[in-house]
Every structure is written in structure tokens, then in C-alpha cells.
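Q: One structure, pasted below without further comment.
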Amino acid sequence: MTSDPGLRQRKKMRTRQALIEGALGLFAEKGYDQTTVAEIAATADIATRTFFSYFDSKDDIVFFDDRSRLERAVEIIGERQPGEPVADLLRRVIDQSVFADTDSELARKVGPARRQLIASVPALQARELHLLFDIQLQLTEALHLACPELDLVEAAAAVGSLVGAIKVVVAACQKRGNRPEQTYTAVQRATDIAIDGLNSLPRPA
């Protein structure tokens, strides 16, 4: 009898979520460096070798939603509508990737613990900067390809201004101890301000 693919997928998603929550709990309790992959796997009741079917390493757990959001953002850029202004396109990217439902409930649940962890572990800070640079580079290339009226410098400036605004406002809100809903509102406002500035970019012919 063939097993239900949907059931298997739901089980995988539950295991993935258990690994994320279990890992962040252990990181807070024991410390990031002191926590082993075997201990993380045990929180989801799986073998250590099975852990690597879900994540490549401990730090991949911390940044569990970066890849899915990047893939979604690149997909949206590639689906640019005829004549759509760059500012409108990037607004859709933010609305449908940064503010989308992909992992959002889990991300909100573990958000404060994750931000505190990154701020306290230099290796994770370095990984975050590397990921941020890579994300901006890939978004720039996708935007340049989808918007031929922009040269590479203009595409890079558009992506950098938007991503930078969001990143800095999140850090500022964290430093002030803002609640998640306050941070969300601040990010939306920063997005509006950054996108207003992008309206000066060339429009499609």
C-alpha cells in the first residue's frame, strides 16, 4: 500500500519545526557552542544522521527561513508584469516574501530568541552578514535581468537601499526592546520610505 505523500510531507514539516524549536531552546539553555547536533536531533526524536536530511549544520537552523524567502523573492522578480514600475515590483517582493506566510508563524514565535542568539554569538553574526551579502547580490542580478531599463549599479542601489533599510530598522527596534508587532510596523514604514525613494528610477519604455 502506497503511503500518503501529503502525510509524509506534514510529518517532515513537524520534525523540521521540532528541530528548530528544540535547537533554539538548547542554545538558550546550554549555549550555542556547547550544543551538539546529536542533542538537537534528540529533541525531535530522530537519529543524528537524519538531522542532516533537514539541515546541513547547526547554524542553518538559526537561519532556517532565509533560503525559502530568497527563492520566493527571486521568483517574484522573474514574474514582473509588463510595464510594472521597479518600485511596485519591489513592493510585491517585500509583501510576498518578507511579509509572506512562509515560515512566518514559526519565525515570529522564535524571533526574539533567534535575534538574541545571533547578537551573542560572533560566528552567527558573521554568517548573517555573509548571507545578507549573498541575498543582496542574487536579488540585484535578478532585478537587473527582469528590468532591462536598469543598469547593474541602479539595480544594486535599489536592492541595497531596501534591504539595508529593513535590516537596520529591525536592529534598532531590537536594541530598543520593541515588541514584535512594533517591529513589524516599523519595518513596513521603513519599506514605504525606501520604496518612495525608488520612484526616481527609470521606468520601462
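Chain labels run A, B, ... following the order of the C-alpha cells; each chain numbers its residues from 1, and ligands are numbered from 1 in the order shown.
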Among the residues of segment 15-190 of chain A, find those DSSP assigns to helix (DSSP H, G or I) from the backbone and print them as a ChimeraX atom specification.

A: /A:15-30,37-43,48-51,58-62,66-78,86-98,104-120,122-146,152-176,180-190

Q: Applying 12 Å and only C-alpha atoms, which residues near His130 of chain A remain after dropping the ones on its own chain fewer than 6 positions away? List them as a PDB file with all heavy atoms, in the first residue's frame.

A:
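Result written to around-v2.pdb:
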ATOM      1  N   PHE A  63      19.128  30.174  10.687  1.00  0.00           N
ATOM      2  CA  PHE A  63      18.695  30.937   9.509  1.00  0.00           C
ATOM      3  C   PHE A  63      17.768  30.084   8.638  1.00  0.00           C
ATOM      4  O   PHE A  63      17.870  30.068   7.418  1.00  0.00           O
ATOM      5  CB  PHE A  63      19.920  31.394   8.727  1.00  0.00           C
ATOM      6  CG  PHE A  63      20.885  32.216   9.553  1.00  0.00           C
ATOM      7  CD1 PHE A  63      22.044  31.654  10.067  1.00  0.00           C
ATOM      8  CD2 PHE A  63      20.605  33.537   9.852  1.00  0.00           C
ATOM      9  CE1 PHE A  63      22.922  32.400  10.839  1.00  0.00           C
ATOM     10  CE2 PHE A  63      21.475  34.303  10.623  1.00  0.00           C
ATOM     11  CZ  PHE A  63      22.634  33.736  11.124  1.00  0.00           C
ATOM     12  N   ASP A  66      15.765  31.774   5.550  1.00  0.00           N
ATOM     13  CA  ASP A  66      16.417  32.682   4.596  1.00  0.00           C
ATOM     14  C   ASP A  66      16.321  32.172   3.165  1.00  0.00           C
ATOM     15  O   ASP A  66      16.023  32.925   2.233  1.00  0.00           O
ATOM     16  CB  ASP A  66      17.887  32.892   4.979  1.00  0.00           C
ATOM     17  CG  ASP A  66      18.046  33.889   6.116  1.00  0.00           C
ATOM     18  OD1 ASP A  66      17.156  33.953   6.968  1.00  0.00           O
ATOM     19  OD2 ASP A  66      19.070  34.594   6.145  1.00  0.00           O
ATOM     20  N   ALA A 123      30.199  33.990  15.581  1.00  0.00           N
ATOM     21  CA  ALA A 123      30.156  33.153  14.379  1.00  0.00           C
ATOM     22  C   ALA A 123      28.825  33.307  13.644  1.00  0.00           C
ATOM     23  O   ALA A 123      28.780  33.293  12.407  1.00  0.00           O
ATOM     24  CB  ALA A 123      30.382  31.690  14.751  1.00  0.00           C
ATOM     25  N   LEU A 124      27.741  33.463  14.396  1.00  0.00           N
ATOM     26  CA  LEU A 124      26.439  33.648  13.767  1.00  0.00           C
ATOM     27  C   LEU A 124      26.298  35.043  13.177  1.00  0.00           C
ATOM     28  O   LEU A 124      25.652  35.226  12.149  1.00  0.00           O
ATOM     29  CB  LEU A 124      25.323  33.389  14.783  1.00  0.00           C
ATOM     30  CG  LEU A 124      25.193  31.946  15.269  1.00  0.00           C
ATOM     31  CD1 LEU A 124      24.088  31.833  16.316  1.00  0.00           C
ATOM     32  CD2 LEU A 124      24.930  30.990  14.106  1.00  0.00           C
ATOM     33  N   GLN A 136      21.569  39.939  -1.223  1.00  0.00           N
ATOM     34  CA  GLN A 136      21.524  41.180  -1.989  1.00  0.00           C
ATOM     35  C   GLN A 136      22.111  41.003  -3.381  1.00  0.00           C
ATOM     36  O   GLN A 136      21.599  41.556  -4.364  1.00  0.00           O
ATOM     37  CB  GLN A 136      22.259  42.284  -1.231  1.00  0.00           C
ATOM     38  CG  GLN A 136      21.543  42.727   0.027  1.00  0.00           C
ATOM     39  CD  GLN A 136      22.267  43.837   0.746  1.00  0.00           C
ATOM     40  OE1 GLN A 136      22.055  45.024   0.483  1.00  0.00           O
ATOM     41  NE2 GLN A 136      23.130  43.461   1.667  1.00  0.00           N
ATOM     42  N   LEU A 137      23.176  40.232  -3.475  1.00  0.00           N
ATOM     43  CA  LEU A 137      23.793  40.002  -4.776  1.00  0.00           C
ATOM     44  C   LEU A 137      22.847  39.254  -5.712  1.00  0.00           C
ATOM     45  O   LEU A 137      22.670  39.626  -6.881  1.00  0.00           O
ATOM     46  CB  LEU A 137      25.100  39.213  -4.601  1.00  0.00           C
ATOM     47  CG  LEU A 137      25.902  38.940  -5.875  1.00  0.00           C
ATOM     48  CD1 LEU A 137      26.295  40.238  -6.560  1.00  0.00           C
ATOM     49  CD2 LEU A 137      27.151  38.115  -5.554  1.00  0.00           C
TER      50      LEU A 137
END

Q: Can you tell me, as a list in words, what residues are no more than 10 Å from Ala38 of chain A when counting only C-alpha atoms, ignoring any on the same chain fewer than 2 positions away?

A: Thr35, Thr36, Ile40, Ala41, Ala42, Thr43, Ile46, Ala47, Thr48, Arg49, Thr50 and Phe51 of chain A

Q: Name the closest residue to Asp45 of chain A among the candidates A:Gly160, A:Gly22, A:Val169, A:Val93; distances are taken between atoms, counting only C-alpha atoms.

A: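 Once distances to Asp45 of chain A are computed over only C-alpha atoms, the minimum belongs to A:Gly22.
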
Q: I'd like the interatomic distance between atom CA of Ala156 of chain A and atom CA of Gln138 of chain A, to a tenth of an Å.

A: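 Distance reported for this atom pair: 9.9 Å.
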
Q: Nearest to Leu70 of chain A among A:Lys11, A:Asp33, A:Gly6, A:Val163, with distances taken over only C-alpha atoms: which residue is it?

A: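 Among the listed residues, A:Val163 lies closest to Leu70 of chain A.
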
Q: How many Å lie between atom CA of Pro202 of chain A and atom CA of Asp95 of chain A, rounded to one decimal?

A: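 These two atoms are separated by 22.1 Å.
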
Q: Contacts of Leu89 of chain A at 8 Å or less, counting only C-alpha atoms, minus same-chain residues fewer than 4 places along, as a PyMOL selection string?

A: chain A and resi 77+80+84-85+93

Q: Can you tell me how far atom CA of Val37 of chain A sits from atom CA of Phe52 of chain A, in Å to one decimal?

A: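 Going from atom CA of Val37 of chain A over to atom CA of Phe52 of chain A, I get 9.2 Å.
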
Q: What's the 8 Å shell around Arg69 of chain A, counting only C-alpha atoms, without same-chain residues fewer than 3 positions away, as a list in words?

A: Asp65, Asp66, Arg72, Ala73, Ser97, Val98 and Thr102 of chain A

Q: Take the residues just selected and output them with C-alpha atoms as a compact mmCIF listing (two decimals), in the first residue's frame.

A:
# COMPACT_ATOMS: atom_id res chain seq x y z
CA ASP A 65 13.83 30.67 6.55
CA ASP A 66 16.42 32.68 4.60
CA ARG A 72 10.37 33.36 -3.39
CA ALA A 73 11.75 36.88 -3.89
CA SER A 97 8.42 37.23 0.70
CA VAL A 98 9.41 39.23 3.81
CA THR A 102 6.32 31.08 4.54
